[in-house]
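Reading through the structure tokens given below for one structure.
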Amino acid sequence: MFRRLNFYSICFAFGLSVLLILAGSRYTDNINYHSPLESRKTIRNYLRIEDGEDNLVQPLPTNPYDGSPNIDKILEKTRNRIRSELSNYNFSNSGVNGLEELLMESGGTPIRSLIVSTWRSGSTFFGELLNAMPGTYYHYEPFLWYDIIQIRGPPYSYKALKYMKNLMNCDHDGMPEIFEFGKGHLHAFSHNTRLWDHCKYNKELCLDPDFTTKMCKLFPFQSMKVVRVRLRLIEELLEDKELNLKVVLLVRDPRGVMQSRQHRSFCQPAPDCWSPELVCADMISDYVAASRFMEKYPDRLMALRYEELALDPNGTAHKVLKFLRLGMTQSVEEFLHTHTTVEVAGVSSTFRVSSAVPFKWKTTLLFNYVDEIQTACKEAMSLWGYKMVNNASQMTSKDFYPLEPYTITQ
Ligand SMILES: *[C@@H]1O[C@H](CO)[C@@H](O)[C@H](O)[C@H]1NC(C)=O
Ligand SMILES: *[C@@H]1O[C@H](CO)[C@@H](O)[C@H](O)[C@H]1NC(C)=O
Ligand SMILES: *[C@@H]1O[C@H](CO)[C@@H](O)[C@H](O)[C@H]1NC(C)=O
């Protein structure tokens with residue numbers, strides 16, 4: 001008897017808590033759903049009724065405005081904007097006769113570009129440069145939610161590669177981590193300026209995979225940058241002929257990398273970011289992968305040293321855009337002009353480059369630390385054409401030029 005009573009009371013308590021949870025989630029849903037303005041309007045409507053101003057009261061709609069904007073309108077506006085911004089674009093640079101051939105909406109294949117790099121190696125600047133192309137959908141750092149780790153193989157690589165493929169195909173379903181992370185870190189979306197235009201005032205839009213999938217498919221140029229995935233793993237994407245992907249591997253002198261990372265608090269607790277041994281093992285692995293890919297997938301991969309981009313932004317940008325099948329546009333030229341002629345102001349200016357940046361380590365690092373990096377990085381530096389220094393006076397000397405030619409040999 002007692003037992004039976006207990007059983008029923010447990011059932012009752014369980015049922016009650018389910019109800020409470022449901023009610024609670026409904027409540028929070030509602031809060032998120034309505035824009036503050038809309039909630040205030042609804043409240044005003046209720047107040048009016050209570051005020052007895054019957055003649056002013058509009059009937060409460062049975063299907064009230066739910067805060068969602070008119071998606072179709074946004075899509076149509078975006079379509080038109082892309083068309084108009086590219087009206088002067090010479091599509092033969094991209095190997096096609098016109099915009100339609102690059103649009104997923106009309107069964108075309110977009111120009112897909114991937115930048116593979118690591119932290120503090122100039123990929124932010126490079127990514128912004130590509131984003132200056134009109135008609136670009138910029139998949140910025142899709143793996144921020146992994147935090148400060150390098151993905152070098154299983155188990156992380158399975159999901160990372162699957163997600164990269166999904167993103168490249170504008171299929172944004174089934175990647176909850178990206179959108180979950182975005183809830184707390186909207187800056188993750190702000191680099192994708194053409195998406196951000198629409199969600200800076202309505203954040204839910206960015207967090208809605210249905211919307212981002214539809215938006216993504218409108219864009220003829222799809223670019224992505226990753227700093228957490230090593231080149232070797234990208235083979236899966238190169239094998240996929242449908243993707244028609246071009247990859248730029250961006251490397252940097254480990255002494256410059258480590259100098260720049262000293263100013264980033266995220267870096268030091270994470271060995272993948274802070275240990276010269278790991279940084280340079282990745283550089284060797286990337287070199288080996290690059291040489292294999294250049295033979296196996298001709299004209300799909302370009303390797304680039306950050307220093308070359310910083311010393312000759314204009315010439316290098318022309319070369320890279322040509323490789324990526326992108327024609328130079330006025331907007332890219334303007335970007336180059338405004339982001340390369342100004343001196344680096346401080347650690348917060350993330351995407352300015354100038355000839356002063358790449359060799360800053362020579363005057364700011366202690367020789368002992370440089371020596372430590374060089375000991376760990378001997379092979380990586382020799383492969384990528386970075387000269388060693390023997391002592392402090394040689395290091396700081398103006399005559400010492402750290403770059404030498406290198407080749408990627410099969
Ligand atoms: C477009 O670019 C191609 C080469 O990329 C060039 O041969 C052609 O003259 C250009 N057309 C126009 C109209 O500028
Ligand atoms: C930039 O580089 C291109 C190709 O190398 C060249 O034709 C052009 O004149 C350069 N522009 C400037 C401003 O240096
Ligand atoms: C520093 O290294 C350079 C280049 O190897 C050498 O010429 C120079 O004598 C060295 N200086 C000292 C103080 O050891």
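Chains: A, B, ... in order of the structure tokens. Residues: from 1 per chain. Ligands: from 1, in order shown.
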
**Request:** Would you list the residues that come within 7 Å of ligand 3? Count only C-alpha atoms and all ligand atoms and give the answer as a VMD selection string.
**Result:** chain A and resid 390 to 391 393 to 394

At most 7 Å is the cut-off: for each residue in chain A with any atom that close to an atom of ligand 2, write down the nearest atom pair and the distance in Å rounded to one decimal, counting only C-alpha atoms and all ligand atoms, chain first then increasing number, as a tab-separated table.
```
residue	atom	partner	partner_atom_place_in_ligand_line	distance
A:Asn314	CA	ligand 2	1 (C)	4.6
A:Gly315	CA	ligand 2	2 (O)	4.4
A:His318	CA	ligand 2	4 (C)	5.7
```

Any residue with an atom at most 9 Å from ligand 1 counts, using only C-alpha atoms and all ligand atoms. Which are they? Put them as a PDB file with N, CA and C atoms, in the first residue's frame.
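Below is the file selection-v7.pdb, written as the result:
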```pdb
ATOM      1  N   ASN A  88      30.265  44.843 -63.341  1.00  0.00           N
ATOM      2  CA  ASN A  88      31.444  45.146 -64.160  1.00  0.00           C
ATOM      3  C   ASN A  88      32.522  44.077 -64.060  1.00  0.00           C
ATOM      4  N   TYR A  89      32.237  43.016 -63.330  1.00  0.00           N
ATOM      5  CA  TYR A  89      33.265  42.001 -63.109  1.00  0.00           C
ATOM      6  C   TYR A  89      33.500  41.201 -64.387  1.00  0.00           C
ATOM      7  N   ASN A  90      34.785  40.972 -64.664  1.00  0.00           N
ATOM      8  CA  ASN A  90      35.139  40.183 -65.848  1.00  0.00           C
ATOM      9  C   ASN A  90      35.152  38.696 -65.468  1.00  0.00           C
ATOM     10  N   PHE A  91      34.060  38.009 -65.786  1.00  0.00           N
ATOM     11  CA  PHE A  91      33.890  36.631 -65.330  1.00  0.00           C
ATOM     12  C   PHE A  91      34.836  35.645 -65.992  1.00  0.00           C
ATOM     13  N   SER A  92      35.487  36.071 -67.084  1.00  0.00           N
ATOM     14  CA  SER A  92      36.432  35.127 -67.687  1.00  0.00           C
ATOM     15  C   SER A  92      37.618  34.887 -66.757  1.00  0.00           C
ATOM     16  N   ASN A  93      37.871  35.818 -65.829  1.00  0.00           N
ATOM     17  CA  ASN A  93      38.885  35.568 -64.807  1.00  0.00           C
ATOM     18  C   ASN A  93      38.530  34.344 -63.962  1.00  0.00           C
ATOM     19  N   SER A  94      37.254  34.099 -63.838  1.00  0.00           N
ATOM     20  CA  SER A  94      36.797  32.975 -63.023  1.00  0.00           C
ATOM     21  C   SER A  94      36.416  31.770 -63.882  1.00  0.00           C
ATOM     22  N   GLY A  95      36.800  31.842 -65.133  1.00  0.00           N
ATOM     23  CA  GLY A  95      36.613  30.691 -66.016  1.00  0.00           C
ATOM     24  C   GLY A  95      35.180  30.433 -66.442  1.00  0.00           C
ATOM     25  N   LYS A 322      44.917  35.562 -58.942  1.00  0.00           N
ATOM     26  CA  LYS A 322      44.957  34.876 -60.235  1.00  0.00           C
ATOM     27  C   LYS A 322      44.876  33.365 -60.008  1.00  0.00           C
ATOM     28  N   GLY A 327      39.265  37.778 -60.316  1.00  0.00           N
ATOM     29  CA  GLY A 327      39.792  38.965 -60.987  1.00  0.00           C
ATOM     30  C   GLY A 327      39.954  40.100 -59.990  1.00  0.00           C
TER      31      GLY A 327
END
```

May I have the residues within 9 Å of Lys203 (chain A) as a short mmCIF file (atom, residue, chain, number, x, y, z; two decimals) with N, CA and C atoms, in the first residue's frame, using only C-alpha atoms and disregarding those fewer than 5 positions away in the same chain?
```
data_model
loop_
_atom_site.label_atom_id
_atom_site.label_comp_id
_atom_site.auth_asym_id
_atom_site.auth_seq_id
_atom_site.Cartn_x
_atom_site.Cartn_y
_atom_site.Cartn_z
N LYS A 183 26.02 31.69 -30.45
CA LYS A 183 25.10 32.36 -29.52
C LYS A 183 25.86 33.24 -28.54
N LEU A 186 29.02 36.29 -30.95
CA LEU A 186 28.52 36.73 -32.25
C LEU A 186 29.62 37.28 -33.15
N TRP A 196 26.48 39.40 -41.90
CA TRP A 196 26.38 40.24 -40.70
C TRP A 196 25.52 41.47 -40.95
N HIS A 198 22.86 41.66 -42.24
CA HIS A 198 21.44 41.37 -41.97
C HIS A 198 21.19 40.95 -40.55
#
```

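Note that the spacing between CA of Pro220 (chain A) and CA of Leu99 (chain A) amounts to 7.0 Å.
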
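The gap separating CA of Ser260 (chain A) from CA of Ala310 (chain A) is 14.4 Å, in Å to one decimal.
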
Residue list (strand (DSSP E), DSSP) for region 93-273 of chain A, as a PDB file with C-alpha atoms, in the first residue's frame:
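Saved file out_11.pdb follows:
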```
ATOM      1  CA  ILE A 111      34.652  29.665 -56.842  1.00  0.00           C
ATOM      2  CA  ARG A 112      35.767  28.059 -53.595  1.00  0.00           C
ATOM      3  CA  SER A 113      38.934  29.200 -51.822  1.00  0.00           C
ATOM      4  CA  LEU A 114      40.416  27.874 -48.610  1.00  0.00           C
ATOM      5  CA  ILE A 115      43.186  29.458 -46.573  1.00  0.00           C
ATOM      6  CA  VAL A 116      45.022  27.014 -44.327  1.00  0.00           C
ATOM      7  CA  THR A 136      31.978  36.681 -51.276  1.00  0.00           C
ATOM      8  CA  TYR A 137      30.482  34.594 -48.514  1.00  0.00           C
ATOM      9  CA  TYR A 138      33.244  34.342 -45.919  1.00  0.00           C
ATOM     10  CA  HIS A 139      33.297  31.255 -43.737  1.00  0.00           C
ATOM     11  CA  TYR A 140      35.495  32.718 -41.017  1.00  0.00           C
ATOM     12  CA  PHE A 221      32.577  33.302 -54.254  1.00  0.00           C
ATOM     13  CA  GLN A 222      32.955  31.126 -51.179  1.00  0.00           C
ATOM     14  CA  SER A 223      36.040  31.575 -49.069  1.00  0.00           C
ATOM     15  CA  MET A 224      37.068  30.000 -45.808  1.00  0.00           C
ATOM     16  CA  LYS A 225      40.029  30.290 -43.509  1.00  0.00           C
ATOM     17  CA  VAL A 226      41.088  27.803 -40.878  1.00  0.00           C
ATOM     18  CA  LEU A 245      38.513  23.875 -54.454  1.00  0.00           C
ATOM     19  CA  LYS A 246      41.706  25.925 -54.455  1.00  0.00           C
ATOM     20  CA  VAL A 247      43.832  26.030 -51.331  1.00  0.00           C
ATOM     21  CA  VAL A 248      46.400  28.562 -50.141  1.00  0.00           C
ATOM     22  CA  LEU A 249      48.755  27.431 -47.418  1.00  0.00           C
ATOM     23  CA  LEU A 250      50.009  30.459 -45.529  1.00  0.00           C
ATOM     24  CA  VAL A 251      53.161  29.969 -43.438  1.00  0.00           C
TER      25      VAL A 251
END
```

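Proximity ranking of A:Ser157, A:Thr407, A:Asn80, A:Ser87 relative to Glu236 (chain A) places A:Ser157 first, based on only C-alpha atoms.
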
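Every protein or nucleic acid residue with an atom no more than 12 Å from Glu235 (chain A), counting only C-alpha atoms and leaving out same-chain residues fewer than 2 positions away, appears here: Ser157, Leu161, Lys165, Val229, Arg230, Leu231, Arg232, Leu233, Leu237, Leu238, Glu239, Asp240, Lys241, Leu245, Lys246, Val247, Asp286, Ala289, Ala290, Arg292, Phe293, Met294, Lys296, Tyr297, Arg300 and Leu301 of chain A.
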
Grab the residues selected above and save them as an mmCIF file, in the first residue's frame with N, CA, C and O atoms.
```
data_model
loop_
_atom_site.group_PDB
_atom_site.id
_atom_site.type_symbol
_atom_site.label_atom_id
_atom_site.label_comp_id
_atom_site.auth_asym_id
_atom_site.auth_seq_id
_atom_site.Cartn_x
_atom_site.Cartn_y
_atom_site.Cartn_z
ATOM 1 N N SER A 157 39.349 15.211 -36.522
ATOM 2 C CA SER A 157 39.355 15.484 -37.962
ATOM 3 C C SER A 157 38.070 15.022 -38.651
ATOM 4 O O SER A 157 37.660 15.603 -39.648
ATOM 5 N N LEU A 161 36.358 17.873 -40.902
ATOM 6 C CA LEU A 161 36.295 17.762 -42.364
ATOM 7 C C LEU A 161 34.859 17.682 -42.860
ATOM 8 O O LEU A 161 34.523 18.277 -43.888
ATOM 9 N N LYS A 165 33.179 20.500 -45.361
ATOM 10 C CA LYS A 165 32.480 20.119 -46.592
ATOM 11 C C LYS A 165 31.057 20.675 -46.602
ATOM 12 O O LYS A 165 30.606 21.233 -47.598
ATOM 13 N N VAL A 229 43.343 23.413 -38.593
ATOM 14 C CA VAL A 229 43.306 22.145 -39.328
ATOM 15 C C VAL A 229 44.574 22.034 -40.179
ATOM 16 O O VAL A 229 44.855 22.915 -40.987
ATOM 17 N N ARG A 230 45.345 20.975 -39.985
ATOM 18 C CA ARG A 230 46.593 20.872 -40.742
ATOM 19 C C ARG A 230 46.339 20.425 -42.183
ATOM 20 O O ARG A 230 45.380 19.703 -42.477
ATOM 21 N N LEU A 231 47.234 20.848 -43.048
ATOM 22 C CA LEU A 231 47.033 20.705 -44.487
ATOM 23 C C LEU A 231 46.783 19.259 -44.916
ATOM 24 O O LEU A 231 45.945 19.008 -45.783
ATOM 25 N N ARG A 232 47.537 18.335 -44.302
ATOM 26 C CA ARG A 232 47.415 16.918 -44.661
ATOM 27 C C ARG A 232 45.948 16.453 -44.718
ATOM 28 O O ARG A 232 45.554 15.673 -45.581
ATOM 29 N N LEU A 233 45.131 16.957 -43.804
ATOM 30 C CA LEU A 233 43.743 16.508 -43.700
ATOM 31 C C LEU A 233 42.859 17.048 -44.823
ATOM 32 O O LEU A 233 41.780 16.526 -45.075
ATOM 33 N N LEU A 237 39.122 17.113 -49.137
ATOM 34 C CA LEU A 237 38.401 18.150 -49.876
ATOM 35 C C LEU A 237 38.937 18.267 -51.304
ATOM 36 O O LEU A 237 38.192 18.553 -52.241
ATOM 37 N N LEU A 238 40.252 18.056 -51.455
ATOM 38 C CA LEU A 238 40.832 18.138 -52.794
ATOM 39 C C LEU A 238 40.358 16.980 -53.671
ATOM 40 O O LEU A 238 40.201 17.117 -54.881
ATOM 41 N N GLU A 239 40.132 15.837 -53.031
ATOM 42 C CA GLU A 239 39.666 14.664 -53.783
ATOM 43 C C GLU A 239 38.253 14.873 -54.325
ATOM 44 O O GLU A 239 37.870 14.253 -55.304
ATOM 45 N N ASP A 240 37.499 15.704 -53.663
ATOM 46 C CA ASP A 240 36.109 15.941 -54.057
ATOM 47 C C ASP A 240 36.074 16.898 -55.246
ATOM 48 O O ASP A 240 36.131 18.115 -55.100
ATOM 49 N N LYS A 241 35.970 16.323 -56.437
ATOM 50 C CA LYS A 241 36.073 17.134 -57.659
ATOM 51 C C LYS A 241 34.937 18.148 -57.782
ATOM 52 O O LYS A 241 35.103 19.216 -58.359
ATOM 53 N N LEU A 245 37.924 23.010 -55.480
ATOM 54 C CA LEU A 245 38.513 23.875 -54.454
ATOM 55 C C LEU A 245 39.956 24.256 -54.765
ATOM 56 O O LEU A 245 40.719 23.461 -55.285
ATOM 57 N N LYS A 246 40.304 25.496 -54.436
ATOM 58 C CA LYS A 246 41.706 25.925 -54.455
ATOM 59 C C LYS A 246 42.127 26.254 -53.030
ATOM 60 O O LYS A 246 41.351 26.830 -52.265
ATOM 61 N N VAL A 247 43.354 25.882 -52.702
ATOM 62 C CA VAL A 247 43.832 26.030 -51.331
ATOM 63 C C VAL A 247 45.104 26.874 -51.304
ATOM 64 O O VAL A 247 45.996 26.679 -52.128
ATOM 65 N N ASP A 286 53.097 20.281 -42.816
ATOM 66 C CA ASP A 286 52.460 21.049 -43.894
ATOM 67 C C ASP A 286 53.323 21.043 -45.158
ATOM 68 O O ASP A 286 52.809 20.990 -46.275
ATOM 69 N N ALA A 289 52.966 17.630 -46.808
ATOM 70 C CA ALA A 289 51.650 17.542 -47.454
ATOM 71 C C ALA A 289 51.620 18.412 -48.706
ATOM 72 O O ALA A 289 51.115 17.993 -49.755
ATOM 73 N N ALA A 290 52.197 19.622 -48.607
ATOM 74 C CA ALA A 290 52.177 20.536 -49.757
ATOM 75 C C ALA A 290 52.899 19.913 -50.945
ATOM 76 O O ALA A 290 52.403 19.973 -52.075
ATOM 77 N N ARG A 292 53.393 16.815 -51.633
ATOM 78 C CA ARG A 292 52.614 15.685 -52.166
ATOM 79 C C ARG A 292 51.407 16.191 -52.972
ATOM 80 O O ARG A 292 51.136 15.728 -54.081
ATOM 81 N N PHE A 293 50.702 17.175 -52.420
ATOM 82 C CA PHE A 293 49.496 17.678 -53.095
ATOM 83 C C PHE A 293 49.842 18.355 -54.419
ATOM 84 O O PHE A 293 49.088 18.272 -55.385
ATOM 85 N N MET A 294 50.993 19.061 -54.449
ATOM 86 C CA MET A 294 51.316 19.774 -55.677
ATOM 87 C C MET A 294 51.519 18.803 -56.833
ATOM 88 O O MET A 294 51.242 19.131 -57.973
ATOM 89 N N LYS A 296 50.113 15.589 -56.816
ATOM 90 C CA LYS A 296 48.901 14.782 -56.995
ATOM 91 C C LYS A 296 47.699 15.601 -57.486
ATOM 92 O O LYS A 296 46.843 15.081 -58.196
ATOM 93 N N TYR A 297 47.647 16.847 -57.075
ATOM 94 C CA TYR A 297 46.513 17.710 -57.476
ATOM 95 C C TYR A 297 47.067 18.995 -58.083
ATOM 96 O O TYR A 297 47.045 20.048 -57.437
ATOM 97 N N ARG A 300 46.098 23.050 -57.621
ATOM 98 C CA ARG A 300 45.051 23.168 -56.588
ATOM 99 C C ARG A 300 45.579 23.856 -55.336
ATOM 100 O O ARG A 300 44.800 24.308 -54.506
ATOM 101 N N LEU A 301 46.918 23.852 -55.184
ATOM 102 C CA LEU A 301 47.500 24.368 -53.944
ATOM 103 C C LEU A 301 48.575 25.394 -54.247
ATOM 104 O O LEU A 301 49.388 25.218 -55.151
#
```

**Asked** With only C-alpha atoms as the atoms that count, which of A:Leu205, A:Leu304, A:Met283, A:Leu326 lies nearest to Ala380 (chain A)?
**Response**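 Among the listed residues, A:Met283 lies closest to Ala380 (chain A).
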
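Here the question is which of A:Lys73, A:Lys217, A:His337, A:Arg79 gets nearest to Met168 (chain A) using only C-alpha atoms, and that residue is A:Lys217.
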
**Request:** In Å, rounded to a single decimal, give me how far CA of Leu130 (chain A) is from CA of Leu321 (chain A).
**Result:** 8.3 Å

**Request:** Please provide as a list in words all residues within 10 Å of Pro142 (chain A), with the sequence filter that same-chain residues fewer than 2 positions apart are discarded (counting only C-alpha atoms).
**Result:**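 Final neighbour list, sorted by chain and number: His139, Tyr140, Leu144, Trp145, Tyr146, Ala160, Tyr163, Met164, Leu167, Glu177, Ile178, Phe179, Phe181, Gly182, Ala188, Phe189, Met224, Lys225, Val226, Val227 and Arg228 of chain A.
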
**Message:** I'd like to know which of A:Val279, A:Ile149, A:Val96, A:Cys206 is closest to Gly256 (chain A), using only C-alpha atoms.
**Reply:** A:Val279

**Fill in**
For His263 (chain A), the closest of A:Asp171, A:His339, A:Thr329, A:Thr364 counting only C-alpha atoms is A:Thr364

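The residue that comes closest to Arg194 (chain A), out of A:Pro134, A:Pro155, A:Pro254, A:Pro209 and on the basis of only C-alpha atoms, is A:Pro134.
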